[in-house]
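Q: Contents are CSV, C-alpha atoms; file name input_2.csv:
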chain,number,residue,atom,x,y,z
A,1405,MET,CA,31.7,21.8,-52.9
A,1406,GLU,CA,29.5,24.4,-51.3
A,1407,ASP,CA,26.4,22.2,-51.8
A,1408,ALA,CA,28.2,19.3,-50.1
A,1409,ALA,CA,29.0,21.6,-47.1
A,1410,LEU,CA,25.4,22.9,-47.1
A,1411,TRP,CA,23.9,19.3,-46.9
A,1412,PHE,CA,26.5,18.4,-44.3
A,1413,VAL,CA,25.5,21.3,-42.0
A,1414,ILE,CA,21.8,20.6,-42.6
A,1415,ALA,CA,22.5,17.0,-41.4
A,1416,ILE,CA,24.2,18.5,-38.3
A,1417,ALA,CA,21.2,20.8,-37.8
A,1418,LEU,CA,18.9,17.8,-37.9
A,1419,ALA,CA,21.3,16.0,-35.5
A,1420,PHE,CA,21.0,19.0,-33.2
A,1421,ASP,CA,17.2,18.7,-33.4
A,1422,PHE,CA,17.6,15.0,-32.5
A,1423,THR,CA,19.7,15.9,-29.4
A,1424,ASN,CA,17.1,18.7,-28.6
A,1425,GLY,CA,14.4,16.1,-28.6
A,1426,MET,CA,16.5,13.7,-26.5
A,1427,HIS,CA,17.5,16.5,-24.1
A,1428,ASP,CA,14.4,18.7,-23.9
A,1429,ALA,CA,11.5,16.6,-25.0
A,1430,ALA,CA,11.9,14.3,-22.0
A,1431,ASN,CA,10.3,17.1,-20.1
A,1432,SER,CA,7.1,16.5,-22.0
A,1433,ILE,CA,6.7,13.2,-20.2
A,1434,ALA,CA,8.3,14.1,-16.8
A,1435,THR,CA,5.0,14.6,-15.0
A,1436,ILE,CA,3.1,11.8,-16.8
A,1437,VAL,CA,5.9,9.4,-15.8
A,1438,ALA,CA,6.2,10.8,-12.3
A,1439,THR,CA,2.4,10.3,-11.7
A,1440,ARG,CA,2.6,6.8,-13.3
A,1441,VAL,CA,-0.2,7.6,-15.7
A,1442,LEU,CA,1.9,5.9,-18.5
A,1443,SER,CA,5.0,3.7,-18.4
A,1444,PRO,CA,8.1,5.6,-19.5
A,1445,ARG,CA,8.1,3.7,-22.8
A,1446,LEU,CA,4.5,4.5,-23.7
A,1447,ALA,CA,4.9,8.1,-22.5
A,1448,VAL,CA,7.8,8.6,-24.8
A,1449,VAL,CA,5.8,7.3,-27.8
A,1450,TRP,CA,2.9,9.6,-26.8
A,1451,ALA,CA,5.1,12.6,-26.7
A,1452,ALA,CA,6.9,11.8,-29.9
A,1453,VAL,CA,3.6,11.5,-31.9
A,1454,PHE,CA,2.4,14.9,-30.7
A,1455,ASN,CA,5.8,16.5,-31.3
A,1456,PHE,CA,5.5,15.4,-34.9
A,1457,VAL,CA,2.0,16.5,-35.6
A,1458,ALA,CA,2.6,20.0,-34.2
A,1459,PHE,CA,3.5,21.2,-37.7
A,1460,LEU,CA,-0.2,20.9,-38.6
A,1461,ILE,CA,-1.1,23.5,-35.9
A,1462,PHE,CA,1.7,26.1,-35.7
A,1463,LYS,CA,2.9,28.6,-38.2
A,1464,THR,CA,6.6,29.1,-38.6
A,1465,HIS,CA,7.0,32.4,-36.7
A,1466,VAL,CA,9.7,31.0,-34.3
A,1467,ALA,CA,11.7,29.7,-37.3
A,1468,SER,CA,11.7,33.2,-38.8
A,1469,THR,CA,12.9,34.7,-35.5
A,1470,ILE,CA,15.8,32.2,-35.4
A,1471,ALA,CA,16.7,32.7,-39.1
A,1472,LYS,CA,16.4,36.5,-39.2
A,1473,GLY,CA,16.2,37.8,-35.7
A,1474,VAL,CA,19.3,36.7,-33.8
A,1475,VAL,CA,22.3,37.4,-36.1
A,1476,GLU,CA,22.6,39.9,-39.0
A,1477,GLN,CA,21.9,37.9,-42.2
A,1478,ASP,CA,25.0,39.1,-44.0
A,1479,VAL,CA,27.2,37.6,-41.3
A,1480,LEU,CA,25.6,34.2,-41.6
A,1481,SER,CA,27.6,31.7,-43.5
A,1482,ILE,CA,28.0,27.9,-43.5
A,1483,GLY,CA,31.0,28.3,-41.3
A,1484,VAL,CA,29.2,30.4,-38.7
A,1485,ILE,CA,26.2,28.2,-38.6
A,1486,PHE,CA,28.4,25.1,-38.4
A,1487,ALA,CA,30.4,26.4,-35.5
A,1488,GLY,CA,27.2,27.6,-33.8
A,1489,LEU,CA,25.6,24.2,-34.1
A,1490,ILE,CA,28.6,22.3,-32.9
A,1491,GLY,CA,29.1,24.6,-29.9
A,1492,ALA,CA,25.4,24.2,-29.0
A,1493,ILE,CA,25.5,20.4,-29.4
A,1494,ALA,CA,28.7,20.2,-27.3
A,1495,TRP,CA,27.0,22.3,-24.6
A,1496,ASN,CA,23.9,20.1,-24.7
A,1497,MET,CA,25.9,16.9,-24.4
A,1498,LEU,CA,27.9,18.3,-21.5
A,1499,THR,CA,24.8,19.3,-19.5
A,1500,TRP,CA,23.0,16.1,-20.5
A,1501,TYR,CA,26.0,14.1,-19.1
A,1502,LEU,CA,25.8,16.2,-15.9
A,1503,GLY,CA,22.1,15.7,-15.6
A,1504,LEU,CA,21.4,19.4,-15.8
A,1505,PRO,CA,18.1,20.4,-17.4
A,1506,SER,CA,19.6,23.3,-19.4
A,1507,SER,CA,18.0,24.8,-22.5
A,1508,SER,CA,18.9,23.5,-25.9
A,1509,SER,CA,17.2,26.5,-27.4
A,1510,HIS,CA,19.4,29.0,-25.6
A,1511,ALA,CA,22.4,26.8,-26.4
A,1512,LEU,CA,21.5,27.3,-30.0
A,1513,VAL,CA,21.0,31.0,-29.7
A,1514,GLY,CA,24.3,31.3,-27.7
A,1515,GLY,CA,26.1,29.2,-30.3
A,1516,MET,CA,24.9,31.3,-33.2
A,1517,VAL,CA,25.8,34.5,-31.3
A,1518,GLY,CA,29.3,33.2,-30.3
A,1519,ALA,CA,30.2,32.2,-33.8
A,1520,ALA,CA,28.9,35.4,-35.3
A,1521,VAL,CA,30.8,37.6,-32.8
A,1522,ALA,CA,34.0,35.6,-33.4
A,1523,LYS,CA,33.6,36.3,-37.2
A,1524,SER,CA,32.4,40.0,-37.2
A,1525,GLY,CA,32.3,41.4,-33.7
A,1526,PHE,CA,29.3,42.4,-31.5
A,1527,GLY,CA,27.8,44.5,-34.3
A,1528,SER,CA,26.7,41.3,-36.0
A,1529,VAL,CA,24.1,40.6,-33.3
A,1530,VAL,CA,20.5,41.7,-33.8
A,1531,SER,CA,20.1,43.3,-30.4
A,1532,SER,CA,16.3,43.7,-30.5
A,1533,GLY,CA,15.9,40.0,-31.3
A,1534,LEU,CA,18.4,38.9,-28.7
A,1535,SER,CA,16.8,41.1,-26.0
A,1536,LYS,CA,13.4,39.7,-26.8
A,1537,ILE,CA,14.8,36.2,-26.4
A,1538,GLY,CA,16.6,37.3,-23.2
A,1539,VAL,CA,13.5,38.8,-21.7
A,1540,PHE,CA,11.6,35.6,-22.3
A,1541,ILE,CA,14.3,33.5,-20.6
A,1542,VAL,CA,13.0,35.1,-17.4
A,1543,LEU,CA,9.3,35.6,-18.5
A,1544,ALA,CA,8.6,32.1,-19.7
A,1545,PRO,CA,9.1,30.3,-16.4
A,1546,LEU,CA,7.4,33.2,-14.6
A,1547,ILE,CA,4.3,32.9,-16.8
A,1548,GLY,CA,4.4,29.1,-16.4
A,1549,LEU,CA,4.8,29.4,-12.6
A,1550,ALA,CA,1.8,31.8,-12.3
A,1551,LEU,CA,-0.4,29.8,-14.6
A,1552,GLY,CA,0.6,26.5,-12.9
A,1553,PHE,CA,-0.3,28.1,-9.5
A,1554,ILE,CA,-3.7,29.5,-10.8
A,1555,VAL,CA,-4.7,26.3,-12.6
A,1556,MET,CA,-3.9,24.3,-9.5
A,1557,VAL,CA,-6.0,26.6,-7.3
A,1558,ILE,CA,-8.9,26.1,-9.7
A,1559,VAL,CA,-8.4,22.3,-9.8
A,1560,LEU,CA,-8.2,22.2,-5.9
A,1561,GLN,CA,-11.4,24.2,-5.6
A,1562,PHE,CA,-13.1,21.8,-8.0
A,1563,SER,CA,-11.7,18.7,-6.2
A,1564,GLN,CA,-13.0,19.8,-2.8
A,1565,LYS,CA,-16.6,19.5,-4.1
A,1566,ALA,CA,-16.0,15.9,-5.3
A,1567,LYS,CA,-17.3,13.1,-3.1
A,1568,ASN,CA,-15.4,10.1,-4.5
A,1569,VAL,CA,-11.7,10.8,-4.3
A,1570,ASN,CA,-10.6,7.7,-6.2
A,1571,ARG,CA,-12.9,8.4,-9.1
A,1572,LEU,CA,-11.7,12.0,-9.2
A,1573,ASN,CA,-8.1,10.8,-9.3
A,1574,ARG,CA,-8.9,8.4,-12.1
A,1575,GLY,CA,-10.4,11.3,-14.0
A,1576,PHE,CA,-7.3,13.4,-13.5
A,1577,ARG,CA,-5.1,10.5,-14.8
A,1578,LYS,CA,-7.2,10.4,-18.0
A,1579,MET,CA,-7.0,14.2,-18.3
A,1580,GLN,CA,-3.3,14.0,-18.0
A,1581,LEU,CA,-3.1,12.1,-21.3
A,1582,VAL,CA,-4.8,15.2,-22.9
A,1583,SER,CA,-2.6,17.7,-21.1
A,1584,ALA,CA,0.6,15.9,-21.8
A,1585,GLY,CA,-0.4,15.6,-25.5
A,1586,ALA,CA,-1.1,19.4,-25.5
A,1587,TYR,CA,2.2,20.1,-23.9
A,1588,SER,CA,4.0,17.9,-26.5
A,1589,LEU,CA,2.3,19.8,-29.3
A,1590,GLY,CA,3.5,23.1,-27.8
A,1591,HIS,CA,6.9,21.7,-27.4
A,1592,GLY,CA,7.1,20.4,-30.9
A,1593,GLY,CA,5.7,23.7,-32.2
A,1594,ASN,CA,8.4,25.7,-30.5
A,1595,ASP,CA,11.5,23.5,-30.5
A,1596,ALA,CA,11.4,21.9,-33.9
A,1597,GLN,CA,11.1,25.4,-35.4
A,1598,LYS,CA,14.5,26.4,-34.1
A,1599,THR,CA,16.1,23.8,-36.4
A,1600,MET,CA,13.8,25.0,-39.2
A,1601,GLY,CA,15.2,28.5,-38.6
A,1602,ILE,CA,18.8,27.3,-38.8
A,1603,ILE,CA,18.1,25.4,-42.0
A,1604,LEU,CA,16.3,28.4,-43.5
A,1605,ALA,CA,19.2,30.7,-42.5
A,1606,LEU,CA,21.6,28.2,-44.3
A,1607,LEU,CA,19.4,28.2,-47.4
A,1608,ILE,CA,19.2,32.0,-47.4
A,1609,ALA,CA,23.0,32.4,-46.8
A,1610,THR,CA,23.8,30.1,-49.7
A,1611,GLY,CA,21.3,31.6,-52.1
A,1612,HIS,CA,19.0,28.6,-52.2
A,1613,ALA,CA,16.2,30.7,-50.7
A,1614,GLY,CA,15.3,34.4,-50.8
A,1615,ALA,CA,15.6,36.7,-47.8
A,1616,ASP,CA,11.8,36.8,-47.4
A,1617,SER,CA,11.2,33.1,-48.1
A,1618,ASP,CA,9.0,30.9,-45.9
A,1619,VAL,CA,10.2,27.6,-44.5
A,1620,PRO,CA,10.0,24.9,-47.2
A,1621,LEU,CA,7.8,22.0,-46.4
A,1622,TRP,CA,10.6,19.4,-46.6
A,1623,VAL,CA,12.4,21.4,-43.9
A,1624,VAL,CA,9.3,21.5,-41.7
A,1625,LEU,CA,8.8,17.7,-42.0
A,1626,SER,CA,12.4,16.8,-41.5
A,1627,ALA,CA,12.7,19.0,-38.4
A,1628,HIS,CA,9.6,17.5,-36.8
A,1629,THR,CA,10.8,14.0,-37.7
A,1630,ALA,CA,14.2,14.6,-36.1
A,1631,ILE,CA,12.8,16.0,-32.8
A,1632,ALA,CA,10.2,13.1,-32.6
A,1633,LEU,CA,13.0,10.5,-33.1
A,1634,GLY,CA,15.1,12.3,-30.4
A,1635,THR,CA,12.1,12.1,-28.0
A,1636,LEU,CA,11.8,8.4,-28.8
A,1637,SER,CA,15.4,7.9,-27.8
A,1638,GLY,CA,14.6,9.3,-24.4
A,1639,GLY,CA,16.5,11.3,-21.8
A,1640,TRP,CA,15.8,9.5,-18.5
A,1641,ARG,CA,18.3,11.3,-16.3
A,1642,ILE,CA,16.5,14.6,-16.9
A,1643,VAL,CA,13.0,13.0,-16.6
A,1644,HIS,CA,14.0,11.9,-13.2
A,1645,THR,CA,15.2,15.4,-12.1
A,1646,MET,CA,12.2,17.2,-13.6
A,1647,GLY,CA,9.5,14.8,-12.5
A,1648,SER,CA,10.4,13.8,-9.0
A,1649,LYS,CA,13.2,15.9,-7.6
A,1650,ILE,CA,11.8,19.4,-7.9
A,1651,THR,CA,8.5,18.5,-6.2
A,1652,ARG,CA,6.3,15.5,-5.8
A,1653,LEU,CA,3.3,15.5,-8.2
A,1654,GLN,CA,-0.1,13.9,-8.1
A,1655,PRO,CA,-2.2,13.5,-11.2
A,1656,ALA,CA,-4.1,16.7,-10.5
A,1657,GLY,CA,-0.7,18.5,-10.3
A,1658,GLY,CA,0.4,16.9,-13.5
A,1659,VAL,CA,-2.7,18.1,-15.3
A,1660,SER,CA,-2.2,21.6,-13.9
A,1661,ALA,CA,1.5,21.8,-14.8
A,1662,GLU,CA,1.1,20.5,-18.3
A,1663,SER,CA,-2.0,22.6,-19.1
A,1664,ALA,CA,-0.2,25.7,-17.9
A,1665,ALA,CA,2.9,24.8,-19.9
A,1666,ALA,CA,0.9,24.0,-23.0
A,1667,ALA,CA,-0.9,27.4,-22.8
A,1668,THR,CA,2.4,29.2,-22.3
A,1669,LEU,CA,4.1,27.5,-25.3
A,1670,PHE,CA,1.1,28.0,-27.5
A,1671,PHE,CA,1.2,31.8,-26.7
A,1672,VAL,CA,4.9,32.2,-27.3
A,1673,SER,CA,5.0,30.2,-30.5
A,1674,ALA,CA,2.1,32.2,-31.9
A,1675,ASN,CA,4.2,35.3,-31.2
A,1676,GLY,CA,7.4,33.9,-32.7
A,1677,ILE,CA,9.3,33.7,-29.5
A,1678,PRO,CA,11.8,30.9,-29.1
A,1679,VAL,CA,11.7,29.8,-25.4
A,1680,SER,CA,13.1,26.9,-23.5
A,1681,THR,CA,10.5,24.2,-22.9
A,1682,THR,CA,12.6,23.2,-19.9
A,1683,HIS,CA,12.2,26.6,-18.4
A,1684,THR,CA,8.5,26.6,-19.0
A,1685,ILE,CA,7.7,23.2,-17.5
A,1686,THR,CA,10.0,23.8,-14.6
A,1687,GLY,CA,8.2,27.1,-13.8
A,1688,CYS,CA,4.8,25.2,-14.0
A,1689,ILE,CA,6.0,22.4,-11.7
A,1690,VAL,CA,7.3,24.9,-9.2
A,1691,GLY,CA,4.0,26.9,-9.4
A,1692,VAL,CA,2.0,23.7,-8.8
A,1693,GLY,CA,4.3,22.6,-6.0
A,1694,SER,CA,4.1,26.0,-4.2
A,1695,ILE,CA,0.3,25.8,-3.9
A,1696,GLN,CA,0.7,24.4,-0.3
A,1697,ARG,CA,3.8,26.2,0.8
A,1698,LEU,CA,7.1,27.2,-0.7
A,1699,SER,CA,9.0,24.6,1.2
A,1700,ALA,CA,7.2,21.9,-0.9
A,1701,VAL,CA,9.6,22.9,-3.7
A,1702,ARG,CA,13.1,21.6,-3.5
A,1703,TRP,CA,14.8,24.8,-4.1
A,1704,GLY,CA,18.2,23.2,-4.2
A,1705,VAL,CA,17.3,21.4,-7.4
A,1706,ALA,CA,15.5,24.4,-8.8
A,1707,GLY,CA,18.6,26.4,-8.1
A,1708,ARG,CA,20.7,24.0,-10.2
A,1709,VAL,CA,18.3,24.5,-13.0
A,1710,VAL,CA,18.6,28.3,-12.7
A,1711,TRP,CA,22.4,28.0,-12.8
A,1712,ALA,CA,22.1,26.0,-16.0
A,1713,TRP,CA,19.9,28.7,-17.4
A,1714,ILE,CA,22.4,31.4,-16.5
A,1715,LEU,CA,25.4,29.6,-17.9
A,1716,THR,CA,23.9,28.2,-21.1
A,1717,ILE,CA,24.1,31.2,-23.5
A,1718,PRO,CA,27.6,32.3,-22.4
A,1719,GLY,CA,28.8,28.7,-22.3
A,1720,ALA,CA,27.5,27.7,-25.7
A,1721,ALA,CA,28.7,31.1,-27.1
A,1722,LEU,CA,32.2,30.6,-25.8
A,1723,MET,CA,32.4,27.0,-27.2
A,1724,SER,CA,31.1,28.2,-30.7
A,1725,ALA,CA,33.4,31.2,-30.8
A,1726,LEU,CA,36.5,29.1,-30.0
A,1727,LEU,CA,35.5,26.5,-32.6
A,1728,PHE,CA,34.9,29.2,-35.2
A,1729,LEU,CA,38.4,30.7,-34.5
A,1730,LEU,CA,40.0,27.2,-34.6
A,1731,LEU,CA,38.3,26.4,-38.0
A,1732,LYS,CA,38.9,29.9,-39.5
A,1733,PRO,CA,42.3,29.0,-41.1
A,1734,PHE,CA,40.6,26.2,-43.0
B,763,MET,CA,6.1,37.2,6.9
B,764,ASP,CA,4.5,34.9,4.3
B,765,GLN,CA,7.4,33.5,2.2
B,766,ARG,CA,5.2,32.8,-0.8
B,767,ALA,CA,3.7,36.3,-0.9
B,768,LEU,CA,7.3,37.7,-0.7
B,769,PHE,CA,8.3,35.4,-3.6
B,770,PHE,CA,5.3,36.6,-5.7
B,771,MET,CA,6.2,40.3,-4.9
B,772,ILE,CA,9.7,39.7,-6.1
B,773,ALA,CA,8.4,38.0,-9.3
B,774,ALA,CA,6.1,41.0,-9.8
B,775,ALA,CA,9.0,43.4,-9.4
B,776,VAL,CA,11.1,41.4,-11.9
B,777,ALA,CA,8.3,41.4,-14.4
B,778,ALA,CA,7.8,45.1,-14.0
B,779,LEU,CA,11.5,45.7,-14.6
B,780,LEU,CA,11.3,43.7,-17.8
B,781,THR,CA,8.7,46.1,-19.2
B,782,THR,CA,11.5,48.6,-19.6
B,783,VAL,CA,13.7,46.5,-21.9
B,784,ILE,CA,11.1,44.7,-24.1
B,785,ASP,CA,9.7,45.9,-27.5
B,786,GLU,CA,6.5,47.9,-27.3
B,787,ALA,CA,4.6,45.3,-29.2
B,788,LEU,CA,5.1,42.7,-26.5
B,789,ARG,CA,5.2,45.1,-23.5
B,790,TYR,CA,1.7,44.0,-22.4
B,791,VAL,CA,3.1,40.5,-21.5
B,792,PRO,CA,5.5,41.5,-18.6
B,793,GLU,CA,2.9,44.1,-17.6
B,794,LEU,CA,0.2,41.4,-17.3
B,795,VAL,CA,2.6,39.1,-15.6
B,796,ALA,CA,3.6,41.8,-13.0
B,797,VAL,CA,-0.1,42.6,-12.3
B,798,THR,CA,-0.9,38.9,-11.9
B,799,TYR,CA,2.0,38.3,-9.5
B,800,ALA,CA,0.9,41.4,-7.5
B,801,VAL,CA,-2.6,40.0,-7.2
B,802,LEU,CA,-1.2,36.5,-6.3
B,803,ALA,CA,1.0,38.1,-3.6
B,804,ALA,CA,-1.9,39.9,-2.1
B,805,ALA,CA,-4.1,36.8,-2.1
B,806,SER,CA,-1.3,34.7,-0.7
B,807,TYR,CA,-0.7,37.1,2.1
B,808,LEU,CA,-4.4,37.3,3.0
B,809,ASP,CA,-4.5,33.5,2.9
B,810,TRP,CA,-1.5,33.3,5.3
B,811,ARG,CA,-3.0,35.8,7.6
B,812,THR,CA,-6.3,34.0,7.7
B,813,ASN,CA,-4.6,30.7,8.5
B,814,LYS,CA,-2.5,32.3,11.2
B,815,ARG,CA,-5.5,33.4,13.2
Can the structure in the file be given as structure tokens, please?

A:
Amino acid sequence: MEDAALWFVIAIALAFDFTNGMHDAANSIATIVATRVLSPRLAVVWAAVFNFVAFLIFKTHVASTIAKGVVEQDVLSIGVIFAGLIGAIAWNMLTWYLGLPSSSSHALVGGMVGAAVAKSGFGSVVSSGLSKIGVFIVLAPLIGLALGFIVMVIVLQFSQKAKNVNRLNRGFRKMQLVSAGAYSLGHGGNDAQKTMGIILALLIATGHAGADSDVPLWVVLSAHTAIALGTLSGGWRIVHTMGSKITRLQPAGGVSAESAAAATLFFVSANGIPVSTTHTITGCIVGVGSIQRLSAVRWGVAGRVVWAWILTIPGAALMSALLFLLLKPF
Amino acid sequence: MDQRALFFMIAAAVAALLTTVIDEALRYVPELVAVTYAVLAAASYLDWRTNKR
């Protein structure tokens, strides 16, 4: 019976990964679609391929943080993880429906925390892990914004020396294929690992893996497959918000934003920090957009994004906590 | 006042505040971010002043 429940929750974790891909991975292609370098259909395939192959590049530090660094391991059970996942998925679906680019990653962390607190109180939360994630909620977009701004300054300096503007633009369009691929690698490397972390936590909680175990290869491959399939299914409402409503991007801006986001995601993944890819790319786009003047950024839309960030962890936590309490009698 | 410089100064202050709540192993990250934003704020202000003349 416990094995059936375990496989059921693993299936839900992979479904969460799928929704994560659908919800977040659309950001991978926002700039490449906005600058018309690729059609939406081709851009989605491009992003999905790089999402999948990310497992060849990144170690599983982020997965370890999710499995061992958010909630005390003795509190984790199939019921807690189930409630956490369903709360996070419900939050994702609500924000997806509303067209808000909220963070699947923080929904997951919020869901786990909410269910754990409902079971065992606030002592069940690993405060150092949660504070690290909390700090990077703010830091990730700030790093992205600064990098986006700096890369754009360098790109503009380079562009001013060019004599043939059309040729330069064509060059940037080709470079965007590389930068979008790099960003999708970073995205796959960070986001797919959150699901790996959940599955690893499940395996540890049910005794199928030791407390110090690494992520099994089948978990790595299934998580990357799920996120790539989610990316393939698309998330056009959010692509539209991210790619054209925050600020208008040219190919040079797209290259700068994606390169900055890729660098940020590579850094945080190497340090085992789960961040929101949505936060990161939004920061980069704002950084690129603010190169001329701050009024080039549509702060109203960026403000909606910030509200989604602020509400995500408490919202998902509340949903998961309620669900856990509802299911507790069973 | 240059709005962008002001925005960068606020970002530098936020990053500096975050150095107080992060683990020591990762403290260099908000420190570096704060310094970067302070430099960007100064550069942005100088750029604004130059363009204004």

Q: Find the spatial neighbours of stretch 775-789 of chain B, counting all atoms listed in the file, within a cut-off of 9 Å - ignore same-chain residues fewer than 2 positions away - and output them as a PyMOL selection string.

A: (chain A and resi 1532+1535-1536+1539+1542-1543+1546+1675) or (chain B and resi 770-773+791-797+799-800)

Q: Mind giving me the straight-line distance from atom CA of A:Ala1522 to atom CA of A:Gly1614 in Å, one decimal?

A: 25.6 Å

Q: Mind giving me the straight-line distance from atom CA of A:Ala1520 to atom CA of A:Val1672 in Å, one decimal?

A: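 For atom CA of A:Ala1520 relative to atom CA of A:Val1672, the distance reads 25.5 Å.
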
Q: Identify which of the residues A:Ser1724, A:Gln1696, A:Ser1637, A:Ser1563 lies closest to B:Asp809, counting all atoms listed in the file when measuring atom-to-atom distances.

A: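 Residue with the minimum atom-to-atom distance to B:Asp809: A:Gln1696.
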
Q: Between A:Ser1524, A:Ser1507, A:Thr1716, A:Ser1694, which has the minimum distance to chain B (counting only C-alpha atoms)?

A: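 The answer is A:Ser1694, which sits nearest to chain B.
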
Q: Taking all atoms listed in the file into account, which residues of chain A are within 12 Å of chain B, as a ChimeraX atom specification?

A: /A:1531-1551,1553-1554,1557,1668,1671-1672,1675-1677,1687,1690-1691,1693-1701

Q: Please identify all polymer residues within 6 Å of A:Gly1590, counting all atoms listed in the file, omitting same-chain residues fewer than 4 positions from it, and present them as a PyMOL selection string.

A: chain A and resi 1666+1669-1670

Q: Any idea what the distance is between atom CA of A:Glu1662 and atom CA of A:Val1559?

A: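 Between atom CA of A:Glu1662 and atom CA of A:Val1559 the gap works out to 12.9 Å.
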
Q: When you count all atoms listed in the file, which of these residues is closest to A:Val1413: A:Ser1673, A:Thr1682, A:Ser1481, A:Gln1654?

A: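 When distances to A:Val1413 are compared using all atoms listed in the file, the smallest one comes from A:Ser1481.
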
Q: Which neighbours of A:Val1449 fall inside 10 Å, counting all atoms listed in the file, when residues of the same chain fewer than 3 positions from it are skipped, and could you give them as an MDAnalysis selection string?

A: chainID A and resid 1433 1444:1446 1452:1455 1632:1633 1635:1638

Q: Which of these, A:Ile1685, A:Ile1493, A:Leu1560, A:Ala1665, has the shortest distance to A:Ile1416 once you count all atoms listed in the file?

A: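 Under the stated criterion, the closest residue is A:Ile1493.
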